[in-house]
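A.B. asks: Next up, protein_13.cif (mmCIF, C-alpha atoms).
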data_upload
#
loop_
_atom_site.label_atom_id
_atom_site.label_comp_id
_atom_site.auth_asym_id
_atom_site.auth_seq_id
_atom_site.Cartn_x
_atom_site.Cartn_y
_atom_site.Cartn_z
CA MET L 274 -34.88 -30.63 -64.41
CA ASN L 275 -37.47 -29.27 -66.81
CA LYS L 276 -41.02 -29.49 -65.49
CA ASP L 277 -42.06 -30.88 -68.89
CA GLU L 278 -40.02 -33.97 -67.96
CA VAL L 279 -42.08 -34.50 -64.80
CA ARG L 280 -44.91 -37.02 -64.84
CA ILE L 281 -48.02 -36.19 -62.79
CA ILE L 282 -50.18 -38.99 -61.38
CA TYR L 283 -53.03 -39.22 -58.88
CA SER L 284 -53.32 -41.69 -56.04
CA PRO L 285 -55.58 -42.24 -53.04
CA GLY L 286 -54.36 -40.42 -49.93
CA GLY L 287 -51.42 -41.62 -47.90
CA PRO L 288 -47.86 -40.67 -47.08
CA HIS L 289 -46.79 -40.80 -50.73
CA VAL L 290 -49.17 -38.13 -52.08
CA ASN L 291 -48.53 -34.44 -52.70
CA ARG L 292 -44.87 -35.21 -53.12
CA PHE L 293 -42.24 -34.95 -55.81
CA HIS L 294 -40.46 -38.28 -56.14
CA ILE L 295 -36.96 -37.55 -57.43
CA ALA L 296 -36.00 -41.02 -58.65
CA GLU L 297 -39.17 -41.40 -60.73
CA ARG L 298 -39.35 -37.71 -61.74
CA THR L 299 -42.99 -37.92 -60.75
CA VAL L 300 -45.37 -35.71 -58.81
CA VAL L 301 -47.95 -37.83 -57.01
CA LEU L 302 -51.04 -35.86 -56.06
CA ASP L 303 -53.89 -36.87 -53.78
CA GLU L 304 -57.02 -37.82 -55.74
CA ALA L 305 -58.99 -35.73 -53.23
CA LEU L 306 -57.35 -32.61 -54.67
CA LYS L 307 -59.66 -32.95 -57.67
CA ASP L 308 -62.41 -31.69 -55.33
CA TYR L 309 -60.31 -28.59 -54.50
CA PRO L 310 -59.32 -27.09 -57.89
CA VAL L 311 -57.65 -23.97 -56.49
CA ALA L 312 -55.68 -25.95 -53.91
CA HIS L 313 -54.86 -28.50 -56.64
CA ASP L 314 -53.19 -25.89 -58.83
CA ILE L 315 -51.25 -24.32 -55.95
CA ILE L 316 -50.02 -27.66 -54.60
CA LEU L 317 -49.10 -28.85 -58.10
CA GLU L 318 -47.05 -25.69 -58.69
CA HIS L 319 -45.36 -26.20 -55.31
CA GLU L 320 -44.38 -29.77 -56.20
CA LEU L 321 -43.19 -28.70 -59.66
CA ALA L 322 -40.97 -26.14 -57.93
CA HIS L 323 -39.46 -29.06 -55.99
CA ALA L 324 -38.86 -30.72 -59.36
CA GLU L 325 -36.97 -27.63 -60.52
CA HIS L 326 -34.85 -27.77 -57.33
CA GLY L 327 -34.61 -31.55 -57.44
CA GLY L 328 -32.96 -33.74 -59.99
CA SER L 329 -30.32 -36.17 -58.86
CA ASN L 330 -28.79 -33.67 -56.40
CA PRO L 331 -31.60 -31.80 -54.58
CA ASP L 332 -30.90 -28.22 -53.55
CA PHE L 333 -31.55 -28.36 -49.79
CA LEU L 334 -31.57 -24.59 -49.25
CA ALA L 335 -33.83 -23.94 -52.25
CA ASN L 336 -36.28 -26.56 -50.97
CA LEU L 337 -36.15 -25.13 -47.46
CA ALA L 338 -36.79 -21.60 -48.80
CA LEU L 339 -39.69 -22.95 -50.88
CA GLU L 340 -41.21 -24.56 -47.79
CA PHE L 341 -40.77 -21.33 -45.79
CA ARG L 342 -42.53 -19.25 -48.46
CA THR L 343 -45.29 -21.86 -48.71
CA ASP L 344 -45.80 -21.97 -44.95
CA LEU L 345 -45.88 -18.18 -44.77
CA PHE L 346 -48.47 -18.09 -47.57
CA GLN L 347 -50.62 -20.79 -45.97
CA SER L 348 -50.45 -19.37 -42.47
CA ALA L 349 -50.71 -15.62 -42.98
CA SER L 350 -52.27 -14.94 -46.36
CA THR L 351 -55.84 -13.70 -46.33
CA SER L 352 -56.31 -14.59 -50.01
CA ALA L 353 -59.01 -16.92 -51.24
CA GLU L 354 -56.27 -19.13 -52.67
CA ALA L 355 -54.57 -19.60 -49.29
CA ASP L 356 -57.94 -20.28 -47.69
CA ALA L 357 -58.65 -22.96 -50.33
CA VAL L 358 -55.33 -24.66 -49.54
CA ARG L 359 -56.03 -24.49 -45.79
CA GLN L 360 -59.47 -26.06 -46.34
CA TYR L 361 -57.92 -28.94 -48.25
CA MET L 362 -55.08 -29.40 -45.75
CA GLU L 363 -57.51 -29.45 -42.83
CA SER L 364 -59.73 -31.99 -44.61
CA GLU L 365 -57.15 -34.77 -44.71
CA THR L 366 -54.32 -36.26 -42.71
CA GLN L 367 -51.13 -37.75 -44.07
CA ASP L 368 -48.32 -39.75 -42.59
CA ILE L 369 -45.00 -38.02 -43.17
CA PRO L 370 -42.36 -40.13 -44.90
CA PHE L 371 -38.98 -40.29 -43.21
CA LYS L 372 -37.24 -38.48 -46.09
CA ILE L 373 -39.37 -35.41 -45.41
CA ALA L 374 -38.76 -35.51 -41.65
CA LEU L 375 -35.60 -33.39 -41.68
CA VAL L 376 -37.16 -30.50 -43.58
CA ASN L 377 -40.34 -30.71 -41.50
CA ASN L 378 -38.35 -30.76 -38.26
CA ILE L 379 -36.57 -27.59 -39.31
CA ARG L 380 -39.90 -26.11 -40.36
CA SER L 381 -41.23 -26.90 -36.88
CA LEU L 382 -38.95 -24.15 -35.58
CA TRP L 383 -40.94 -21.45 -37.32
CA LEU L 384 -44.38 -23.00 -37.77
CA PRO L 385 -45.78 -22.48 -34.23
CA VAL L 386 -44.98 -18.79 -34.33
CA MET L 387 -45.97 -18.37 -37.97
CA TRP L 388 -49.35 -20.10 -37.64
CA SER L 389 -50.21 -18.21 -34.44
CA MET L 390 -49.17 -14.87 -35.88
CA GLY L 391 -50.95 -15.70 -39.13
CA ARG L 392 -54.21 -16.30 -37.29
CA VAL L 393 -53.85 -13.05 -35.36
CA TYR L 394 -52.99 -11.19 -38.56
CA ARG L 395 -55.98 -12.62 -40.47
CA PHE L 396 -58.29 -11.84 -37.53
CA LEU L 397 -57.07 -8.25 -37.25
CA ASN L 398 -57.22 -7.85 -41.01
CA SER L 399 -60.85 -9.03 -41.03
CA ILE L 400 -61.75 -6.40 -38.41
CA VAL L 401 -60.08 -3.61 -40.35
CA SER L 402 -61.56 -4.67 -43.72
#
Would you mind writing the file's structure down as structure tokens?
C.D. replies:
Amino acid sequence: MNKDEVRIIYSPGGPHVNRFHIAERTVVLDEALKDYPVAHDIILEHELAHAEHGGSNPDFLANLALEFRTDLFQSASTSAEADAVRQYMESETQDIPFKIALVNNIRSLWLPVMWSMGRVYRFLNSIVS
């Protein structure tokens, strides 16, 4: 699926935002992202990557690898971009749709370790810098 074929719309927060909807070939972003321009661009690129892996037959492993790279970036990166995404993510809560539950349950295997190690890494990096 070409990302030029993907429609991008904004909606008030909820379980349907910051998601790529395969059937509609639409990325629905949270309106609140407009207040976080750096996070907006990163999250939009993430969802467009899902569109590239999506189509009518989603590539499960490609999506899982995308989520792993994203979680690693968000948890361990000391960049201003990762910090902007973390600020946005911590500013809102979303219900998780059932379709996302499988990927998120698998992600839950690495997230506790990754987030803890990411915090330690960022702390140690701030001392050294």
A.B. asks: Excluding Phe293 of chain L and any residue of its chain fewer than 4 positions from it, enumerate the residues within 8 Å of it, using all atoms listed in the file, and give them as a list in words.
C.D. replies: Arg298, Thr299, Val300, Val301, Glu320, Leu321, His323 and Ala324 of chain L
A.B. asks: Near Leu334 of chain L, within 12 Å and counting only C-alpha atoms, which residues show up once chain neighbours fewer than 5 positions away are dropped, as a PyMOL selection string?
C.D. replies: chain L and resi 323+326-327+339-341+376+379
A.B. asks: In terms of the shortest atom-to-atom distance over all atoms listed in the file, which of L:Phe333, L:Tyr361, L:Arg392, L:Leu302 is closest to Ala349 of chain L?
C.D. replies: L:Arg392
A.B. asks: With only C-alpha atoms as the atoms that count, which of L:Val279, L:Lys307, L:Ala312, L:Ser350 lies nearest to Ser399 of chain L?
C.D. replies: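 When distances to Ser399 of chain L are compared using only C-alpha atoms, the smallest one comes from L:Ser350.
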A.B. asks: Quick one, how far is atom CA of Phe396 of chain L from atom CA of Ala338 of chain L?
C.D. replies: 26.2 Å
A.B. asks: My list of candidates is L:Glu354, L:Glu278, L:Asp344, L:Glu297. Which is closest to Asn377 of chain L when distances are computed with all atoms listed in the file?
C.D. replies: L:Asp344
A.B. asks: How far is it from atom CA of Leu345 of chain L to atom CA of Leu384 of chain L, in Å with one decimal?
C.D. replies: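 So the answer is 8.6 Å.
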A.B. asks: One decimal, Å: what's the distance from atom CA of Thr343 of chain L over to atom CA of Tyr309 of chain L, could you say?
C.D. replies: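 We find that atom CA of Thr343 of chain L and atom CA of Tyr309 of chain L lie 17.4 Å from each other.
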A.B. asks: Report as number ranges by chain the residues that result from applying the PyMOL selection byres ((chain L and resi 291) around 12) to the structure here.
C.D. replies: L: 281-290, 292-294, 299-306, 312-321, 323, 361-362, 365-370, 373
A.B. asks: Between L:Ser402, L:Arg342, L:Leu375, L:Arg359, single out the one closest to Met387 of chain L, counting all atoms listed in the file.
C.D. replies: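 Looking only at the distances to Met387 of chain L, the closest residue turns out to be L:Arg342.
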A.B. asks: Put a box with edges along x, y and z around all the listed atoms of segment 322-337 of chain L, pad it by 5 Å on each side, then give me its centre and sizes in Å, one decimal, as lines of an AutoDock Vina configuration file.
C.D. replies:
center_x = -34.9
center_y = -30.1
center_z = -54.0
size_x = 22.2
size_y = 22.2
size_z = 23.1
